[in-house]
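Please read the structure below before turning to the comments.
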Amino acid sequence: MQRIDLFPTHDYKGYKLRAGKPFPFGASVVGNAVNFSIYSRYATACTLVLFKNHAEKPFVEIPFFKEFKLGNVYSMMVFGLDYEEIEYGYRMDGPYDFQQGYRFNKEKVLLDPYAKLISGRDVWGVPPDWNSIFQYRGRILADDFDWEDDVPLETPIQDSIIYEMHVRNFTEDESSGVKHRGTFAGIVEKLPYLKDLGVTCIELMPIHEFDEFENSRLSPDGKGVLYNVWGYSNVGFFAPKAAYASTGRFGMQVDELKNLVKIYHENNIEVMLDVVFNHTAEGNENGPYISYRGIDNKTYYMLTPDGYYYNFSGCGNTLNCNNPNVRDMIIDSLRYWVTDYHIDGFRFDLAAILGRDQNGAPLSNPPLLESLAHDPILGKTKLIAEAWDAGGLYQVGSFPSWGRWAEWNGKYRDAIRRFLKSDENVLSEVKERLCGSPDLYAAHNRGIKASINFITAHDGFTMMDLVSYNGKHNEANGENNTDGENDNNSWNCDWEGECDNKEINFLRHKQIKNAMALLLVSQGVPMILSGDEMGNTQYGNNNAYCQDNKISWLDWNNLKKNEDIHHFVKQMIKFRRIHPVLRFEYHFGYCDYKNTGYPDISWHGVEAWNPATEFHNLTAAFMLNGQYAVGGNDNFIYVAMNMHWETHAFELPVLFENMSWYVFANTDVKAPNDIAEIGKEIEVKDKEIIVGPRSIMILVSK
Amino acid sequence: MQNIKVHQVGKILDASTSAEEQAAILAILDQNENVALDLSHCTYVSSAGLRVMLYSFKVAKSKKLVLYLVRVSDDVKDVMKMTGFDKFFTYFNTVDECLKS
């Protein structure tokens with residue numbers, strides 16, 4: 001049976017046309033036609049502009065006829081286009097009135113907000129032609145990847161171990177040894193490494209199309225260029241970054257990314273995306289026309305009464321997330337990444353903005369967040385909020401959740417960092433953090449699974465720098481070291497920067513192991529910053545967003561240099577994965593509510609069963625009862641933490657008669673005896689253990 | 001292999017040639033013959049070209065026929081690998097090897 005509605009009704013300069021279908025927005029291939037559809041509330045006319053690939057000038061501009069407009073949507077089918085060979089954009093006509101928020105300019109060729117494939121920045125770092133009238137060019141996608149049986153993995157979030165990484169920085173350095181450096185294909189080549197490490201999920205820093213040349217400039221030493229490396233600045237919400245694909249120069253970035261997801265899924269590793277729906281790359285009133293500004297400025301952006309841009313993102317503009325149409329676009333985008341790319345979850349950058357109304361005021365029941373929490377397609381998708389914004393809204397522990405949203409737990413990061421550097425006033429908070437932050441997440445039935453625990457992330461020091469620098473060293477960013485966080489809670493172990501002193505280096509490695517041990521025995525979802533498992537340094541730069549060089553690129557030589565750290569982290573991950581008692585979904589009862597003989601969790605000190613705060617509040621221990629874990633028969637686990645600068649003996653709680661304690665990890669001991677192989681833990685004969693200065697010991701019952 | 005016909009693909013397999021190449025391959029499959037797709041002269045396969053190959057493969061499979069690839073250049077193979085198209089096919093270095101298989 002053939003469709004009867006695929007015959008042209010109009011002719012324009014030899015191009016055959018007919019009225020299009022308003023849905024879906026964007027450009028879709030329908031039979032032998034391409035259906036173009038775009039929304040603008042305030043435009044008065046729209047023209048489709050078609051280019052041959054990379055051509056300077058369009059080969060035709062086709063106005064939308066009056067009968068091609070329905071409501072506020074322009075849609076048209078164009079027949080007989082060789083769609084792999086063309087790029088498309090739009091011109092929008094309408095009022096220009098700054099104060100009223102209208103910015104129409106029909107001289108500008110605009111990118112489709114729904115473009116699924118964008119060219120113009122196809123190969124990383126190749127300078128664009130700034131005179132081109134069309135910088136970021138929509139292309140038409142053959143949307144037909146063969147997924148076979150693949151679906152998102154739906155790994156329970158409490159069982160997840162997240163690895164936060166940057167596509168380019170991960171393998172761009174020569175030491176990565178991969179063929180396709182800095183790309184999706186390079187990540188595929190590194191699959192065996194990540195599988196061996198044991199993480200369950202990779203979280204990719206922004207992969208939506210962005211422009212690495214946005215605000216690019218000469219580096220302060222004049223020897224290089226500073227780029228927008230991190231990409232927290234969207235050009236398009238539906239297209240992957242072409243230059244992150246080795247095949248981007250052929251326009252095959254979509255297939256390359258989908259292949260990555262498919263192969264990682266085959267190996268039981270999820271793929272999560274860091275998404276930036278709080279602002280766009282168009283900047284403030286002095287920024288360029290890329291898309292949204294020219295298509296419907298008043299719809300897409302939060303504007304002041306005088307027509308300026310609100311700047312809750314710190315990046316010049318703020319996406320108007322709770323405008324109903326923008327809300328729809330965000331939901332369409334997320335659904336698209338889940339249905340077409342099988343993405344397992346999203347981390348929302350500066351997500352507090354998503355809960356502001358159109359004037360910027362925080363909403364008590366933000367419709368966008370509620371819609372996402374209840375969306376049928378996103379029903380099993382992990383939703384993680386960075387629960388603050390640059391406008392001063394801080395919602396860690398109070399982000400509207402409907403039982404669905406998890407949060408980057410910034411308070412976990414701060415408390416654990418302070419404890420690690422022997423801050424005497426933080427132990428009571430640390431106890432909350434290690435238990436999945438019940439003070440933040442026990443209410444509204446959010447549970448432990450709402451807490452994404454991390455000590456380091458892309459913002460701020462790497463783990464090695466956290467123990468090597470007291471202050472940030474961002475001179476290379478060219479802002480006189482004024483950028484980046486000042487409040488790092490870091491401690492350099494008595495020497496600023498890299499050094500040859502063996503004792504200092506031993507202490508730094510020990511501190512990293514302490515941090516990783518705490519992260520991986522904490523209740524909640526651990527997130528590891530890529531490279532921390534091998535002691536990667538950024539030389540004290542805590543805001544390396546613009547460094548496309550050795551500062552940012554992961555140096556794989558660290559694997560050998562810091563072999564002990566890598567081995568320790570790998571064993572800790574294994575330990576977490578085999579012990580469900582470390583992965584509760586909901587909070588503890590702090591008592592023996594199942595009458596098993598021991599409470600689900602108990603706190604101890606240097607004396608068993610006596611969590612008295614001694615030694616400057618820097619010693620504590622806890623015991624987890626495996627009978628309360630999923631399955632009911634996990635081991636007991638005992639963790640002794642001594643952040644005091646002197647050695648202390650910890651009395652062990654007595655176990656059931658036929659059980660003994662075995663040492664799994666002791667960060668005070670030199671590798672390879674700092675951590676045991678699973679099943680080869682060493683029995684403790686005494687009633688107490690000796691925990692060295694600034695050290696952690698982990699024991700299991702057998 | 002009995003009942004196999006060699007189809008020589010042109011220098012470029014992209015949107016401009018895909019319809020023609022697709023029709024030629026389908027014509028062979030319509031005769032219930034297996035296909036050896038000889039890419040020895042082909043230096044570039046675009047996204048549309050990869051889809052011609054995979055579509056033909058799937059049509060062959062649905063007819064219980066086979067479609068083999070012969071002399072795929074390293075560059076083309078690399079692109080196929082990165083985009084996940086490589087895993088469906090069986091590869092041969094020469095037409096002879098393919099026919100003898």
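Residues are named by chain letter and number: chains run A, B, ... in the order of the structure tokens, numbers start at 1 in each chain, and ligands are numbered from 1 in the order shown.
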Taking a cut-off of 8 Å and counting only C-alpha atoms, can you build a table that, for each residue of chain B near chain A, reports the nearest atom pair and how far apart they are in Å (one decimal), sorted by chain then residue number, as CSV?
residue,atom,partner,partner_atom,distance
B:Ala15,CA,A:Glu84,CA,6.1
B:Ser16,CA,A:Asp82,CA,7.5
B:Ser46,CA,A:Phe250,CA,6.8
B:Ser47,CA,A:Met252,CA,6.4
B:Ala48,CA,A:Glu84,CA,7.3
B:Val79,CA,A:Thr247,CA,6.7
B:Met82,CA,A:Glu256,CA,5.6
B:Thr83,CA,A:Glu256,CA,4.3
B:Gly84,CA,A:Asn259,CA,5.2
Selection near segment 274-276 of chain A, 7 Å with only C-alpha atoms, sequence-local residues under 6 positions removed, as an MDAnalysis selection string = chainID A and resid 203:206 232 234 346:349
Using only C-alpha atoms, determine which residues lie at most 10 Å from Val76 of chain B, disregarding the query and same-chain residues fewer than 6 positions distant; provide the list as a ChimeraX atom specification.
-> /B:39,42-46,50,86
Selection to disk with N, CA and C atoms, as a JSON list (two decimals), in the first residue's frame:
[["chain", "number", "residue", "atom", "x", "y", "z"],
["B", 39, "LEU", "N", 34.32, -4.54, -3.07],
["B", 39, "LEU", "CA", 34.58, -3.11, -2.83],
["B", 39, "LEU", "C", 36.01, -2.72, -3.18],
["B", 42, "CYS", "N", 36.32, 0.70, -4.32],
["B", 42, "CYS", "CA", 35.58, 1.70, -3.54],
["B", 42, "CYS", "C", 36.47, 2.33, -2.47],
["B", 43, "THR", "N", 36.63, 3.63, -2.53],
["B", 43, "THR", "CA", 37.52, 4.31, -1.57],
["B", 43, "THR", "C", 36.75, 5.07, -0.51],
["B", 44, "TYR", "N", 35.46, 5.32, -0.72],
["B", 44, "TYR", "CA", 34.70, 6.09, 0.27],
["B", 44, "TYR", "C", 33.27, 5.56, 0.38],
["B", 45, "VAL", "N", 32.88, 5.27, 1.59],
["B", 45, "VAL", "CA", 31.49, 4.86, 1.84],
["B", 45, "VAL", "C", 30.89, 5.84, 2.84],
["B", 46, "SER", "N", 29.83, 6.52, 2.46],
["B", 46, "SER", "CA", 29.20, 7.49, 3.37],
["B", 46, "SER", "C", 28.16, 6.78, 4.22],
["B", 50, "LEU", "N", 26.74, 3.01, 3.82],
["B", 50, "LEU", "CA", 26.73, 1.95, 4.84],
["B", 50, "LEU", "C", 25.33, 1.37, 4.96],
["B", 86, "ASP", "N", 30.31, -2.93, 11.24],
["B", 86, "ASP", "CA", 31.23, -4.01, 10.85],
["B", 86, "ASP", "C", 30.76, -5.37, 11.32]]
Quick one: residues within 9 Å of Asp375 of chain A, only C-alpha atoms counted, chain neighbours fewer than 4 positions away excluded, as an NGL selection string?
-> :A and (331 or 335 or 370-371 or 379)
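Excluding Phe57 of chain B itself and any same-chain residue fewer than 2 positions from it, the protein and nucleic acid residues within 8 Å of it, counting only C-alpha atoms, are Met53, Leu54, Tyr55, Val59, Ala60, Lys61, Val66, Leu67 and Phe89 of chain B.
Across the model, the gap from atom CA of Gly460 of chain A to atom CA of Ile207 of chain A is 20.2 Å.
Counting only C-alpha atoms, Phe51 of chain A has the following residues at most 6 Å away, ignoring those fewer than 5 positions along the same chain: Pro58, Phe59, Ile86 and Glu87 of chain A.
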Fewer than 4 positions away in the same chain doesn't count, so skip those; otherwise give me all residues within 9 Å of segment 500-508 of chain A, counting only C-alpha atoms, as a PyMOL selection string.
-> chain A and resi 464+467-468+492-495+512-513+668+670+694
What are the DSSP strand (DSSP E) residues of segment 21-56 of chain B, as JSON, numbers by chain?
-> {"B": [34, 35, 36, 37, 38, 44, 45]}
Please produce a file of those selected residues containing C-alpha atoms, as a PDB file, in the first residue's frame.
ATOM      1  CA  ASN B  34      23.885 -14.842  -2.962  1.00  0.00           C
ATOM      2  CA  VAL B  35      25.985 -11.700  -3.294  1.00  0.00           C
ATOM      3  CA  ALA B  36      29.712 -11.056  -3.044  1.00  0.00           C
ATOM      4  CA  LEU B  37      29.986  -7.302  -2.775  1.00  0.00           C
ATOM      5  CA  ASP B  38      33.351  -6.421  -4.260  1.00  0.00           C
ATOM      6  CA  TYR B  44      34.697   6.087   0.268  1.00  0.00           C
ATOM      7  CA  VAL B  45      31.487   4.861   1.835  1.00  0.00           C
TER       8      VAL B  45
END
Check the smallest atom-to-atom distance from each of A:Gly626, A:Asn453, A:Asn32, A:Asp389 to Ala19 of chain B using only C-alpha atoms, then report the winner.
-> A:Asn32
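Comparing B:Met80, B:Ile12, B:Leu65, B:Val6 by their smallest distance to Asp30 of chain B, the closest is B:Leu65 (using only C-alpha atoms).
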One residue among A:Pro324, A:Asp122, A:Glu614, A:Asn278 is nearest to Ala352 of chain A when using only C-alpha atoms, and that residue is A:Asn278
DSSP-assigned alpha helix (DSSP H) members of segment 532-623 of chain A, reported as a list in words | Asn558, Leu559, Lys560, Lys561, Glu563, Asp564, Ile565, His566, His567, Phe568, Val569, Lys570, Gln571, Met572, Ile573, Lys574, Phe575, Arg576, Arg577 and Ile578 of chain A
Deliver the residues from the most recent selection as a file, using N, CA and C atoms, as a PDB file, in the first residue's frame.
ATOM      1  N   ASN A 558      50.254   7.500  34.493  1.00  0.00           N
ATOM      2  CA  ASN A 558      49.963   7.423  35.931  1.00  0.00           C
ATOM      3  C   ASN A 558      49.616   6.008  36.384  1.00  0.00           C
ATOM      4  N   LEU A 559      49.113   5.226  35.448  1.00  0.00           N
ATOM      5  CA  LEU A 559      48.714   3.862  35.811  1.00  0.00           C
ATOM      6  C   LEU A 559      49.906   3.107  36.378  1.00  0.00           C
ATOM      7  N   LYS A 560      51.063   3.355  35.805  1.00  0.00           N
ATOM      8  CA  LYS A 560      52.263   2.689  36.293  1.00  0.00           C
ATOM      9  C   LYS A 560      52.828   3.435  37.500  1.00  0.00           C
ATOM     10  N   LYS A 561      52.886   4.756  37.348  1.00  0.00           N
ATOM     11  CA  LYS A 561      53.482   5.584  38.394  1.00  0.00           C
ATOM     12  C   LYS A 561      52.726   5.424  39.721  1.00  0.00           C
ATOM     13  N   GLU A 563      50.541   2.929  40.551  1.00  0.00           N
ATOM     14  CA  GLU A 563      49.934   1.600  40.465  1.00  0.00           C
ATOM     15  C   GLU A 563      49.186   1.244  41.746  1.00  0.00           C
ATOM     16  N   ASP A 564      49.747   1.645  42.896  1.00  0.00           N
ATOM     17  CA  ASP A 564      49.129   1.280  44.177  1.00  0.00           C
ATOM     18  C   ASP A 564      47.750   1.913  44.325  1.00  0.00           C
ATOM     19  N   ILE A 565      47.603   3.171  43.842  1.00  0.00           N
ATOM     20  CA  ILE A 565      46.291   3.830  43.951  1.00  0.00           C
ATOM     21  C   ILE A 565      45.280   3.095  43.078  1.00  0.00           C
ATOM     22  N   HIS A 566      45.700   2.809  41.844  1.00  0.00           N
ATOM     23  CA  HIS A 566      44.796   2.122  40.924  1.00  0.00           C
ATOM     24  C   HIS A 566      44.356   0.770  41.480  1.00  0.00           C
ATOM     25  N   HIS A 567      45.307   0.027  42.019  1.00  0.00           N
ATOM     26  CA  HIS A 567      44.975  -1.288  42.567  1.00  0.00           C
ATOM     27  C   HIS A 567      44.022  -1.158  43.750  1.00  0.00           C
ATOM     28  N   PHE A 568      44.278  -0.183  44.587  1.00  0.00           N
ATOM     29  CA  PHE A 568      43.443   0.017  45.772  1.00  0.00           C
ATOM     30  C   PHE A 568      42.005   0.346  45.364  1.00  0.00           C
ATOM     31  N   VAL A 569      41.876   1.272  44.419  1.00  0.00           N
ATOM     32  CA  VAL A 569      40.531   1.692  43.993  1.00  0.00           C
ATOM     33  C   VAL A 569      39.787   0.515  43.367  1.00  0.00           C
ATOM     34  N   LYS A 570      40.494  -0.213  42.542  1.00  0.00           N
ATOM     35  CA  LYS A 570      39.867  -1.363  41.867  1.00  0.00           C
ATOM     36  C   LYS A 570      39.362  -2.394  42.887  1.00  0.00           C
ATOM     37  N   GLN A 571      40.176  -2.646  43.899  1.00  0.00           N
ATOM     38  CA  GLN A 571      39.756  -3.610  44.925  1.00  0.00           C
ATOM     39  C   GLN A 571      38.588  -3.072  45.743  1.00  0.00           C
ATOM     40  N   MET A 572      38.619  -1.778  46.020  1.00  0.00           N
ATOM     41  CA  MET A 572      37.509  -1.177  46.784  1.00  0.00           C
ATOM     42  C   MET A 572      36.196  -1.271  45.995  1.00  0.00           C
ATOM     43  N   ILE A 573      36.289  -1.064  44.682  1.00  0.00           N
ATOM     44  CA  ILE A 573      35.081  -1.163  43.842  1.00  0.00           C
ATOM     45  C   ILE A 573      34.547  -2.593  43.877  1.00  0.00           C
ATOM     46  N   LYS A 574      35.464  -3.534  43.771  1.00  0.00           N
ATOM     47  CA  LYS A 574      35.054  -4.943  43.837  1.00  0.00           C
ATOM     48  C   LYS A 574      34.357  -5.230  45.161  1.00  0.00           C
ATOM     49  N   PHE A 575      34.966  -4.732  46.229  1.00  0.00           N
ATOM     50  CA  PHE A 575      34.441  -4.938  47.582  1.00  0.00           C
ATOM     51  C   PHE A 575      33.018  -4.399  47.682  1.00  0.00           C
ATOM     52  N   ARG A 576      32.825  -3.184  47.160  1.00  0.00           N
ATOM     53  CA  ARG A 576      31.491  -2.586  47.197  1.00  0.00           C
ATOM     54  C   ARG A 576      30.498  -3.432  46.412  1.00  0.00           C
ATOM     55  N   ARG A 577      30.949  -3.920  45.272  1.00  0.00           N
ATOM     56  CA  ARG A 577      30.012  -4.647  44.402  1.00  0.00           C
ATOM     57  C   ARG A 577      29.606  -6.000  44.967  1.00  0.00           C
ATOM     58  N   ILE A 578      30.484  -6.620  45.766  1.00  0.00           N
ATOM     59  CA  ILE A 578      30.060  -7.933  46.299  1.00  0.00           C
ATOM     60  C   ILE A 578      29.367  -7.823  47.651  1.00  0.00           C
TER      61      ILE A 578
END
Nearest to Glu681 of chain A, restricted to only C-alpha atoms and choosing among A:Ser660, A:Ser695, A:Asn268, A:Gln100, comes out as A:Ser660
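What separates atom CA of Gly540 of chain A from atom CA of Leu518 of chain A is a distance of 23.0 Å.
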Identify which of the residues A:Trp388, A:Tyr593, A:Tyr300, A:Trp130 lies closest to Ala351 of chain A, counting only C-alpha atoms when measuring atom-to-atom distances.
-> A:Trp388
